[in-house]
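Text of the file target_9.pdb, holding PDB, C-alpha atoms:
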ATOM      1  CA  MET A  22     -46.547  35.119 -32.683
ATOM      2  CA  ARG A  23     -47.122  33.785 -29.178
ATOM      3  CA  LEU A  24     -44.155  31.431 -29.675
ATOM      4  CA  MET A  25     -41.945  34.391 -30.641
ATOM      5  CA  SER A  26     -43.145  36.326 -27.581
ATOM      6  CA  ARG A  27     -42.336  33.389 -25.297
ATOM      7  CA  ILE A  28     -38.869  33.037 -26.844
ATOM      8  CA  ALA A  29     -38.254  36.777 -26.511
ATOM      9  CA  PHE A  30     -39.399  36.681 -22.864
ATOM     10  CA  ALA A  31     -37.145  33.693 -22.135
ATOM     11  CA  LEU A  32     -34.148  35.441 -23.707
ATOM     12  CA  LEU A  33     -34.838  38.594 -21.718
ATOM     13  CA  ALA A  34     -35.131  36.614 -18.490
ATOM     14  CA  THR A  35     -31.870  34.788 -19.198
ATOM     15  CA  ALA A  36     -30.134  38.078 -19.975
ATOM     16  CA  ALA A  37     -31.380  39.545 -16.714
ATOM     17  CA  LEU A  38     -29.993  36.607 -14.768
ATOM     18  CA  VAL A  39     -26.613  36.822 -16.502
ATOM     19  CA  ALA A  40     -26.415  40.567 -15.952
ATOM     20  CA  GLY A  41     -27.324  40.736 -12.321
ATOM     21  CA  GLY A  42     -28.521  37.444 -10.922
ATOM     22  CA  PRO A  43     -26.962  35.397  -8.144
ATOM     23  CA  ALA A  44     -25.060  33.175 -10.578
ATOM     24  CA  SER A  45     -22.865  36.081 -11.720
ATOM     25  CA  ALA A  46     -22.607  37.964  -8.440
ATOM     26  CA  GLN A  47     -19.840  35.803  -7.043
ATOM     27  CA  GLN A  48     -16.317  35.921  -8.486
ATOM     28  CA  LYS A  49     -14.032  32.940  -8.003
ATOM     29  CA  LEU A  50     -10.346  33.816  -7.582
ATOM     30  CA  LYS A  51      -7.201  31.680  -7.450
ATOM     31  CA  TRP A  52      -4.568  32.558  -4.829
ATOM     32  CA  ALA A  53      -1.313  30.602  -5.313
ATOM     33  CA  HIS A  54       1.928  30.103  -3.391
ATOM     34  CA  VAL A  55       4.714  27.515  -3.023
ATOM     35  CA  TYR A  56       4.616  26.958   0.763
ATOM     36  CA  GLU A  57       3.346  23.967   2.721
ATOM     37  CA  THR A  58      -0.138  23.854   4.261
ATOM     38  CA  SER A  59       1.361  23.852   7.777
ATOM     39  CA  GLU A  60       3.186  27.153   7.258
ATOM     40  CA  PRO A  61       1.697  30.495   8.352
ATOM     41  CA  TYR A  62       1.915  31.847   4.794
ATOM     42  CA  HIS A  63      -0.779  29.319   3.900
ATOM     43  CA  THR A  64      -2.893  29.284   7.053
ATOM     44  CA  GLU A  65      -3.120  33.073   7.132
ATOM     45  CA  SER A  66      -3.904  33.219   3.393
ATOM     46  CA  VAL A  67      -6.821  30.861   4.007
ATOM     47  CA  TRP A  68      -7.977  33.132   6.846
ATOM     48  CA  ALA A  69      -7.658  36.184   4.560
ATOM     49  CA  ALA A  70      -9.612  34.509   1.752
ATOM     50  CA  ALA A  71     -12.503  33.781   4.122
ATOM     51  CA  GLU A  72     -12.314  37.277   5.602
ATOM     52  CA  ILE A  73     -12.427  38.979   2.182
ATOM     53  CA  LYS A  74     -15.451  36.850   1.295
ATOM     54  CA  LYS A  75     -17.160  37.875   4.528
ATOM     55  CA  ARG A  76     -16.370  41.586   4.230
ATOM     56  CA  THR A  77     -17.524  41.734   0.594
ATOM     57  CA  ASN A  78     -20.789  39.914   1.416
ATOM     58  CA  GLY A  79     -19.748  36.810  -0.508
ATOM     59  CA  LYS A  80     -18.790  38.584  -3.734
ATOM     60  CA  PHE A  81     -15.270  37.089  -3.857
ATOM     61  CA  ASP A  82     -14.838  33.353  -3.380
ATOM     62  CA  ILE A  83     -11.054  32.884  -3.116
ATOM     63  CA  GLU A  84      -9.449  29.434  -3.211
ATOM     64  CA  VAL A  85      -5.869  29.185  -1.936
ATOM     65  CA  PHE A  86      -3.585  26.778  -3.822
ATOM     66  CA  PRO A  87      -0.542  25.834  -1.685
ATOM     67  CA  ALA A  88       2.673  23.867  -2.227
ATOM     68  CA  SER A  89       3.284  24.768  -5.897
ATOM     69  CA  SER A  90      -0.012  23.138  -6.918
ATOM     70  CA  LEU A  91      -0.436  25.823  -9.599
ATOM     71  CA  GLY A  92       3.257  25.824 -10.510
ATOM     72  CA  LYS A  93       6.679  26.851  -9.259
ATOM     73  CA  GLU A  94       7.307  30.408  -8.076
ATOM     74  CA  THR A  95       8.378  31.493 -11.565
ATOM     75  CA  ASP A  96       5.182  29.984 -13.010
ATOM     76  CA  ILE A  97       2.772  31.689 -10.635
ATOM     77  CA  ASN A  98       4.493  35.045 -11.151
ATOM     78  CA  GLN A  99       4.057  34.633 -14.903
ATOM     79  CA  GLY A 100       0.454  33.539 -14.320
ATOM     80  CA  MET A 101      -0.339  36.982 -12.897
ATOM     81  CA  ALA A 102       0.339  38.537 -16.294
ATOM     82  CA  LEU A 103      -1.242  35.670 -18.235
ATOM     83  CA  GLY A 104      -4.465  35.805 -16.217
ATOM     84  CA  THR A 105      -4.225  32.196 -15.015
ATOM     85  CA  VAL A 106      -3.592  33.242 -11.394
ATOM     86  CA  ASP A 107      -5.366  36.071  -9.538
ATOM     87  CA  MET A 108      -3.307  36.487  -6.349
ATOM     88  CA  ILE A 109       0.062  35.222  -5.121
ATOM     89  CA  ILE A 110       2.459  35.290  -2.209
ATOM     90  CA  SER A 111       6.009  35.475  -3.540
ATOM     91  CA  GLY A 112       9.478  36.769  -2.805
ATOM     92  CA  PRO A 113      10.105  40.223  -4.314
ATOM     93  CA  SER A 114      13.155  38.826  -6.145
ATOM     94  CA  PHE A 115      10.723  37.527  -8.791
ATOM     95  CA  ALA A 116       9.025  40.918  -9.154
ATOM     96  CA  ALA A 117      12.527  42.416  -9.449
ATOM     97  CA  ARG A 118      12.998  40.534 -12.731
ATOM     98  CA  SER A 119      10.596  42.972 -14.371
ATOM     99  CA  TYR A 120      11.264  45.894 -12.005
ATOM    100  CA  PRO A 121      14.886  45.603 -10.740
ATOM    101  CA  ARG A 122      14.625  48.378  -8.132
ATOM    102  CA  LEU A 123      12.679  46.010  -5.827
ATOM    103  CA  GLY A 124      15.726  43.714  -5.663
ATOM    104  CA  ILE A 125      17.555  46.043  -3.288
ATOM    105  CA  ALA A 126      15.734  44.267  -0.438
ATOM    106  CA  TYR A 127      18.220  41.393  -0.972
ATOM    107  CA  TYR A 128      21.348  43.522  -0.703
ATOM    108  CA  PRO A 129      23.270  42.139   2.316
ATOM    109  CA  PHE A 130      22.823  43.898   5.654
ATOM    110  CA  ILE A 131      20.417  46.500   4.283
ATOM    111  CA  PHE A 132      17.966  45.483   7.048
ATOM    112  CA  ARG A 133      18.937  45.271  10.708
ATOM    113  CA  ASP A 134      16.150  42.864  11.652
ATOM    114  CA  ALA A 135      12.500  41.930  11.067
ATOM    115  CA  ASP A 136      11.211  45.235  12.454
ATOM    116  CA  HIS A 137      13.422  47.177  10.059
ATOM    117  CA  LEU A 138      12.054  45.161   7.127
ATOM    118  CA  LEU A 139       8.517  45.937   8.310
ATOM    119  CA  ALA A 140       9.353  49.643   8.606
ATOM    120  CA  TYR A 141      10.569  49.484   4.999
ATOM    121  CA  SER A 142       7.276  47.877   3.928
ATOM    122  CA  LYS A 143       5.426  50.957   5.270
ATOM    123  CA  SER A 144       7.930  53.546   4.008
ATOM    124  CA  ALA A 145       7.729  56.192   1.292
ATOM    125  CA  VAL A 146      10.572  54.591  -0.643
ATOM    126  CA  PHE A 147       8.778  51.236  -0.806
ATOM    127  CA  GLY A 148       5.544  53.048  -1.685
ATOM    128  CA  GLU A 149       7.324  54.569  -4.690
ATOM    129  CA  MET A 150       8.471  51.123  -5.780
ATOM    130  CA  VAL A 151       4.960  49.684  -5.419
ATOM    131  CA  ASN A 152       3.509  52.462  -7.573
ATOM    132  CA  GLU A 153       6.217  52.179 -10.228
ATOM    133  CA  PHE A 154       5.924  48.380 -10.289
ATOM    134  CA  ARG A 155       2.147  48.674 -10.765
ATOM    135  CA  ALA A 156       2.631  51.303 -13.508
ATOM    136  CA  LYS A 157       4.975  48.925 -15.333
ATOM    137  CA  THR A 158       3.186  45.591 -14.817
ATOM    138  CA  GLY A 159      -0.345  46.382 -13.586
ATOM    139  CA  ILE A 160       0.296  44.162 -10.553
ATOM    140  CA  GLN A 161      -0.577  45.589  -7.122
ATOM    141  CA  ILE A 162       1.607  44.697  -4.114
ATOM    142  CA  LEU A 163      -0.630  44.760  -1.040
ATOM    143  CA  ALA A 164       1.311  43.395   1.921
ATOM    144  CA  TYR A 165       4.754  42.304   3.132
ATOM    145  CA  THR A 166       5.290  39.263   5.372
ATOM    146  CA  TYR A 167       8.513  38.565   7.273
ATOM    147  CA  TYR A 168      10.127  35.316   6.088
ATOM    148  CA  GLY A 169      13.219  35.069   8.250
ATOM    149  CA  ALA A 170      16.777  36.287   8.737
ATOM    150  CA  ARG A 171      19.518  34.192   7.155
ATOM    151  CA  GLN A 172      22.119  33.039   9.691
ATOM    152  CA  THR A 173      25.413  31.201   9.139
ATOM    153  CA  THR A 174      26.193  27.763  10.551
ATOM    154  CA  SER A 175      29.715  26.356  10.654
ATOM    155  CA  ASN A 176      31.999  23.919  12.415
ATOM    156  CA  ARG A 177      34.425  26.831  12.798
ATOM    157  CA  PRO A 178      32.932  29.681  14.849
ATOM    158  CA  PHE A 179      33.779  33.291  13.950
ATOM    159  CA  THR A 180      32.770  36.704  15.248
ATOM    160  CA  ASP A 181      33.608  39.047  12.362
ATOM    161  CA  CYS A 182      34.166  39.246   8.626
ATOM    162  CA  ALA A 183      37.879  38.381   8.884
ATOM    163  CA  GLY A 184      36.969  35.169  10.672
ATOM    164  CA  MET A 185      35.237  33.896   7.535
ATOM    165  CA  LYS A 186      38.449  33.960   5.491
ATOM    166  CA  GLY A 187      39.020  30.645   3.725
ATOM    167  CA  LEU A 188      35.734  29.178   5.016
ATOM    168  CA  LYS A 189      34.227  26.745   2.529
ATOM    169  CA  ILE A 190      30.548  27.661   2.668
ATOM    170  CA  ARG A 191      27.546  26.516   0.665
ATOM    171  CA  VAL A 192      25.461  29.374  -0.719
ATOM    172  CA  PRO A 193      22.892  29.620  -3.545
ATOM    173  CA  ASP A 194      24.479  30.620  -6.846
ATOM    174  CA  VAL A 195      22.945  34.125  -6.775
ATOM    175  CA  PRO A 196      24.979  37.376  -6.574
ATOM    176  CA  ALA A 197      23.184  38.729  -3.477
ATOM    177  CA  TYR A 198      23.826  35.500  -1.560
ATOM    178  CA  MET A 199      27.445  35.216  -2.750
ATOM    179  CA  ALA A 200      28.270  38.836  -1.846
ATOM    180  CA  THR A 201      28.901  38.427   1.899
ATOM    181  CA  PRO A 202      31.174  35.347   1.877
ATOM    182  CA  LYS A 203      33.081  36.613  -1.173
ATOM    183  CA  SER A 204      33.586  40.023   0.431
ATOM    184  CA  CYS A 205      35.028  38.374   3.548
ATOM    185  CA  GLY A 206      37.433  36.109   1.682
ATOM    186  CA  ALA A 207      35.447  32.901   2.203
ATOM    187  CA  ASN A 208      35.135  30.231  -0.462
ATOM    188  CA  PRO A 209      31.421  30.191  -1.474
ATOM    189  CA  THR A 210      30.455  26.870  -3.040
ATOM    190  CA  PRO A 211      27.104  26.436  -4.805
ATOM    191  CA  ILE A 212      25.567  23.034  -4.001
ATOM    192  CA  ALA A 213      22.010  21.851  -4.722
ATOM    193  CA  PHE A 214      19.798  22.511  -1.691
ATOM    194  CA  ALA A 215      18.787  18.845  -1.413
ATOM    195  CA  GLU A 216      22.473  17.863  -1.077
ATOM    196  CA  VAL A 217      23.522  20.362   1.594
ATOM    197  CA  TYR A 218      23.094  18.060   4.613
ATOM    198  CA  LEU A 219      25.292  15.364   3.062
ATOM    199  CA  ALA A 220      27.878  17.937   1.930
ATOM    200  CA  LEU A 221      28.135  19.235   5.513
ATOM    201  CA  GLN A 222      28.236  15.703   6.912
ATOM    202  CA  ASN A 223      31.081  14.524   4.682
ATOM    203  CA  GLY A 224      33.042  17.780   4.822
ATOM    204  CA  THR A 225      32.595  18.848   1.193
ATOM    205  CA  VAL A 226      31.723  22.207   2.778
ATOM    206  CA  GLU A 227      32.094  23.272   6.405
ATOM    207  CA  ALA A 228      29.373  25.910   6.560
ATOM    208  CA  GLN A 229      26.033  27.054   5.117
ATOM    209  CA  GLU A 230      23.513  29.892   5.579
ATOM    210  CA  ASN A 231      19.714  29.835   5.975
ATOM    211  CA  PRO A 232      16.973  31.102   8.317
ATOM    212  CA  LEU A 233      16.754  29.340  11.691
ATOM    213  CA  THR A 234      13.456  27.739  10.675
ATOM    214  CA  THR A 235      15.187  26.109   7.674
ATOM    215  CA  ILE A 236      18.150  25.024   9.811
ATOM    216  CA  GLU A 237      15.601  23.274  12.028
ATOM    217  CA  ALA A 238      13.546  21.746   9.207
ATOM    218  CA  LYS A 239      16.580  20.414   7.323
ATOM    219  CA  LYS A 240      18.330  19.252  10.531
ATOM    220  CA  PHE A 241      21.561  21.080   9.668
ATOM    221  CA  TYR A 242      22.093  21.447  13.420
ATOM    222  CA  GLU A 243      22.991  17.738  13.503
ATOM    223  CA  VAL A 244      26.127  18.313  11.417
ATOM    224  CA  GLN A 245      27.165  21.830  12.542
ATOM    225  CA  LYS A 246      28.685  23.071  15.795
ATOM    226  CA  ALA A 247      27.881  26.781  15.792
ATOM    227  CA  ILE A 248      25.334  29.296  14.523
ATOM    228  CA  MET A 249      26.638  32.793  13.826
ATOM    229  CA  MET A 250      23.810  35.328  14.066
ATOM    230  CA  THR A 251      24.856  37.230  10.950
ATOM    231  CA  SER A 252      21.321  38.109   9.723
ATOM    232  CA  HIS A 253      23.061  39.058   6.478
ATOM    233  CA  ILE A 254      19.849  38.914   4.455
ATOM    234  CA  VAL A 255      16.508  39.621   6.151
ATOM    235  CA  ASP A 256      13.916  38.160   3.831
ATOM    236  CA  GLY A 257      10.226  38.777   3.213
ATOM    237  CA  LEU A 258       7.332  37.807   0.958
ATOM    238  CA  THR A 259       4.854  40.056  -0.835
ATOM    239  CA  THR A 260       1.125  39.529  -1.373
ATOM    240  CA  GLN A 261       0.169  40.593  -4.899
ATOM    241  CA  VAL A 262      -3.040  40.986  -6.920
ATOM    242  CA  ALA A 263      -3.133  40.595 -10.708
ATOM    243  CA  PRO A 264      -4.128  43.554 -12.895
ATOM    244  CA  HIS A 265      -7.168  41.776 -14.372
ATOM    245  CA  VAL A 266      -8.584  41.642 -10.835
ATOM    246  CA  TRP A 267      -7.260  44.856  -9.248
ATOM    247  CA  ASN A 268      -8.396  47.147 -12.043
ATOM    248  CA  LYS A 269     -11.996  45.927 -11.716
ATOM    249  CA  LEU A 270     -12.282  46.396  -7.960
ATOM    250  CA  THR A 271     -14.181  49.355  -6.541
ATOM    251  CA  ASP A 272     -12.316  51.674  -4.176
ATOM    252  CA  ALA A 273     -14.134  50.064  -1.245
ATOM    253  CA  GLU A 274     -13.128  46.572  -2.421
ATOM    254  CA  LYS A 275      -9.508  47.670  -2.893
ATOM    255  CA  ALA A 276      -9.533  48.925   0.683
ATOM    256  CA  ILE A 277     -10.879  45.581   1.941
ATOM    257  CA  PHE A 278      -8.289  43.524   0.007
ATOM    258  CA  THR A 279      -5.498  45.770   1.296
ATOM    259  CA  GLU A 280      -6.657  45.795   4.917
ATOM    260  CA  VAL A 281      -7.257  42.046   5.119
ATOM    261  CA  THR A 282      -4.012  40.958   3.423
ATOM    262  CA  ARG A 283      -2.042  43.278   5.690
ATOM    263  CA  GLU A 284      -3.765  41.807   8.739
ATOM    264  CA  ALA A 285      -2.875  38.324   7.480
ATOM    265  CA  ALA A 286       0.744  39.366   6.856
ATOM    266  CA  ALA A 287       1.013  40.768  10.396
ATOM    267  CA  ARG A 288      -0.391  37.556  11.870
ATOM    268  CA  ALA A 289       2.031  35.363   9.886
ATOM    269  CA  THR A 290       4.958  37.657  10.729
ATOM    270  CA  ALA A 291       4.218  37.358  14.451
ATOM    271  CA  GLN A 292       4.317  33.559  14.196
ATOM    272  CA  ILE A 293       7.630  33.545  12.302
ATOM    273  CA  LYS A 294       9.267  35.977  14.750
ATOM    274  CA  LYS A 295       8.060  33.894  17.710
ATOM    275  CA  ARG A 296       9.453  30.671  16.256
ATOM    276  CA  GLU A 297      12.800  32.256  15.444
ATOM    277  CA  ALA A 298      13.134  33.467  19.035
ATOM    278  CA  GLU A 299      12.247  30.007  20.368
ATOM    279  CA  LEU A 300      14.784  28.304  18.100
ATOM    280  CA  VAL A 301      17.759  30.115  19.634
ATOM    281  CA  ASP A 302      17.075  28.270  22.901
ATOM    282  CA  VAL A 303      16.189  25.047  21.075
ATOM    283  CA  PHE A 304      19.586  25.011  19.340
ATOM    284  CA  LYS A 305      21.395  25.893  22.563
ATOM    285  CA  SER A 306      19.714  22.919  24.231
ATOM    286  CA  LYS A 307      21.055  20.707  21.430
ATOM    287  CA  GLY A 308      24.591  21.814  22.263
ATOM    288  CA  LEU A 309      25.152  24.330  19.499
ATOM    289  CA  GLN A 310      27.112  27.492  20.142
ATOM    290  CA  ILE A 311      25.101  30.661  19.354
ATOM    291  CA  VAL A 312      27.538  33.415  18.369
ATOM    292  CA  SER A 313      26.920  37.169  18.169
ATOM    293  CA  VAL A 314      28.978  38.880  15.470
ATOM    294  CA  ASN A 315      30.371  42.311  14.664
ATOM    295  CA  ARG A 316      27.894  43.200  11.913
ATOM    296  CA  GLN A 317      29.696  46.407  10.981
ATOM    297  CA  SER A 318      32.777  44.462   9.872
ATOM    298  CA  PHE A 319      30.587  42.578   7.360
ATOM    299  CA  ILE A 320      28.731  45.721   6.229
ATOM    300  CA  ASP A 321      32.003  47.556   5.534
ATOM    301  CA  ALA A 322      33.404  44.635   3.532
ATOM    302  CA  VAL A 323      30.258  44.198   1.434
ATOM    303  CA  LEU A 324      29.987  47.921   0.620
ATOM    304  CA  LYS A 325      33.648  47.932  -0.432
ATOM    305  CA  ASN A 326      33.852  44.627  -2.334
ATOM    306  CA  ALA A 327      30.277  44.232  -3.663
ATOM    307  CA  PRO A 328      29.122  47.847  -4.081
ATOM    308  CA  LEU A 329      25.478  48.694  -4.672
ATOM    309  CA  GLU A 330      26.154  49.946  -8.182
ATOM    310  CA  SER A 331      27.696  46.604  -9.195
ATOM    311  CA  MET A 332      24.276  45.029  -8.574
ATOM    312  CA  GLY A 333      22.328  47.808 -10.282
ATOM    313  CA  PHE A 334      21.087  49.577  -7.127
ATOM    314  CA  THR A 335      21.371  53.226  -6.089
ATOM    315  CA  ARG A 336      22.997  54.852  -3.082
ATOM    316  CA  SER A 337      19.881  57.020  -2.704
ATOM    317  CA  ASP A 338      17.565  54.034  -2.137
ATOM    318  CA  TYR A 339      20.122  52.382   0.153
ATOM    319  CA  ASP A 340      20.566  55.460   2.344
ATOM    320  CA  ARG A 341      16.802  56.013   2.653
ATOM    321  CA  ILE A 342      16.216  52.367   3.638
ATOM    322  CA  VAL A 343      19.110  52.134   6.108
ATOM    323  CA  ALA A 344      17.916  55.333   7.833
ATOM    324  CA  LEU A 345      14.440  53.911   8.550
ATOM    325  CA  LYS A 346      13.565  53.430  12.219
TER     326      LYS A 346
END
Write the structure described by the file as structure tokens, please.
Amino acid sequence: MRLMSRIAFALLATAALVAGGPASAQQKLKWAHVYETSEPYHTESVWAAAEIKKRTNGKFDIEVFPASSLGKETDINQGMALGTVDMIISGPSFAARSYPRLGIAYYPFIFRDADHLLAYSKSAVFGEMVNEFRAKTGIQILAYTYYGARQTTSNRPFTDCAGMKGLKIRVPDVPAYMATPKSCGANPTPIAFAEVYLALQNGTVEAQENPLTTIEAKKFYEVQKAIMMTSHIVDGLTTQVAPHVWNKLTDAEKAIFTEVTREAAARATAQIKKREAELVDVFKSKGLQIVSVNRQSFIDAVLKNAPLESMGFTRSDYDRIVALK
């Protein structure tokens, strides 16, 4: 009888520990992205992970996995639904695969600049998309980080859409990226990203488009004479939380996750904007011509030759986003 009592007591003690003891109080979460450890998307995610831990009194122990260590961008997006990943930073183009309305952020010239993108991230129209995306997938989008504006480099400078006519330009084989050069009569040529430098060097193509930070990292400035400040696609990344985590958070915890990830996004955005501004002078010092363009000529051509409806978007969303200040 005493033996049974001791066993019963031991079981009760174990149950008490499992239910409310220190061993179960802390939740370990995996936060994944595809960017390098030196980039602000990673450094600010690490800051946010530590800050969430601090503000929740150690309840959430978040480990950040950079540089595709938990898989490519497609993999980590799928992992949110599978429960293998708890948080991610990812381009909204991946979320748009399950909720296409989000893809309008890639329609050329929809954003004037980084500040316009950030205004969109705080707007009612984006709020609707966030709610509808969560209703469809269970995934909560918390924050938006500026990634960079895509500019055009070429050995043949131009100042408007007509000036692109006949230009052989490397672009990714994606409709949103092809829309601008096609609309202006250029000759868009898909080439693997790893081969772009060589293609520019040997004249297979005479132009390409990427954010200034990528132009710097990939040394495209060595084989190009001019940078046209087209800003045809202003890109961003979203911070997302998986449904198996979000749905279990208290309202107070949801507020902490939201506040901290938005602080981190703002910090990373400031760093990206600063570097972009610095790079204009860096490229000038290397002898490149920095060219301002007539953006309206591009906008008119894209709206005429690659209309919103052809990509599955609505004029209503477009007008609301373009009107944001």
Do you know which residues the PyMOL selection byres ((chain A and resi 138-142) around 7) returns on this file, as a CSV table (one decimal) with C-alpha atoms, in the coordinates of the input?
chain,number,residue,atom,x,y,z
A,132,PHE,CA,18.0,45.5,7.0
A,134,ASP,CA,16.2,42.9,11.7
A,135,ALA,CA,12.5,41.9,11.1
A,136,ASP,CA,11.2,45.2,12.5
A,137,HIS,CA,13.4,47.2,10.1
A,143,LYS,CA,5.4,51.0,5.3
A,144,SER,CA,7.9,53.5,4.0
A,147,PHE,CA,8.8,51.2,-0.8
A,165,TYR,CA,4.8,42.3,3.1
A,342,ILE,CA,16.2,52.4,3.6
A,345,LEU,CA,14.4,53.9,8.6
A,346,LYS,CA,13.6,53.4,12.2
Convert the output of the PyMOL selection byres ((chain A and resi 173-181) around 9) on the shown file into explicit residues, formatted as a ChimeraX atom specification. /A:171-172,182-185,188,190,205,221,227-232,236,241-242,244-253,310,312-319
Output check: residues returned by the PyMOL selection byres ((chain A and resi 259) around 7), as a list of chain:residue names: A:Ile110, A:Ser111, A:Gly112, A:Pro113, A:Ile162, A:Ala164, A:Tyr165, A:Thr166, A:Gly257, A:Leu258, A:Thr260, A:Gln261
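These residues, each with an atom at most 10 Å from (1.7, 25.6, 14.6) using all atoms listed in the file, are Ser59, Glu60, Pro61, Thr64, Gln292 and Arg296 of chain A.
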For atom CA of A:Leu233 and atom CA of A:Ala197, quote the distance in Å rounded to one decimal. 19.0 Å
Pull the neighbourhood of (2.6, 25.1, -6.6) for me: all residues within 12 Å in file coordinates, counting all atoms listed in the file, as a PyMOL selection string. chain A and resi 51-58+63+85-98+100+106+109-111
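You will find atom CA of A:Gly169 at 12.9 Å from atom CA of A:Ala126.
As for atom CA of A:Lys75 and atom CA of A:Tyr167, they are spaced 25.8 Å apart.
Around A:Ser119, within 12 Å and counting only C-alpha atoms, the residues found are A:Asn98, A:Gln99, A:Ala102, A:Pro113, A:Glu153, A:Phe154, A:Arg155, A:Ala156, A:Lys157, A:Thr158, A:Gly159, A:Ile160, once anything fewer than 6 positions away on its own chain is removed.
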Please provide the set of residues having any atom within 9 Å of A:Ser204, restricted to all atoms listed in the file, with same-chain residues fewer than 5 positions apart removed, written as a ChimeraX atom specification. /A:182,199,319,322-327
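Non-sequential neighbours of stretch 329-334 of chain A (distance at most 8 Å, separation of 3 or more positions within a chain, all atoms listed in the file) are A:Pro121, A:Arg122, A:Ile125, A:Tyr128, A:Pro196, A:Leu324, A:Asp338, A:Tyr339.
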Store the residues picked out above, limited to C-alpha atoms, as a CSV table (one decimal), in the frame of the given file.
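So the final result, stored in result.csv, reads:
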chain,number,residue,atom,x,y,z
A,121,PRO,CA,14.9,45.6,-10.7
A,122,ARG,CA,14.6,48.4,-8.1
A,125,ILE,CA,17.6,46.0,-3.3
A,128,TYR,CA,21.3,43.5,-0.7
A,196,PRO,CA,25.0,37.4,-6.6
A,324,LEU,CA,30.0,47.9,0.6
A,338,ASP,CA,17.6,54.0,-2.1
A,339,TYR,CA,20.1,52.4,0.2
Edge lengths and centre in Å to one decimal, as lines of an AutoDock Vina configuration file, is what I'm after for the box along x, y and z that holds all listed atoms of stretch 107-125 of chain A once 4 Å is added on each side.
center_x = 6.1
center_y = 41.8
center_z = -8.3
size_x = 30.9
size_y = 21.2
size_z = 20.2
I want to know what sits within 10 Å of A:Trp68, based on all atoms listed in the file, with residues of the same chain fewer than 3 positions away left out; could you give that as a VMD selection string? chain A and resid 63 to 65 71 to 73 85 281 to 282 284 to 285
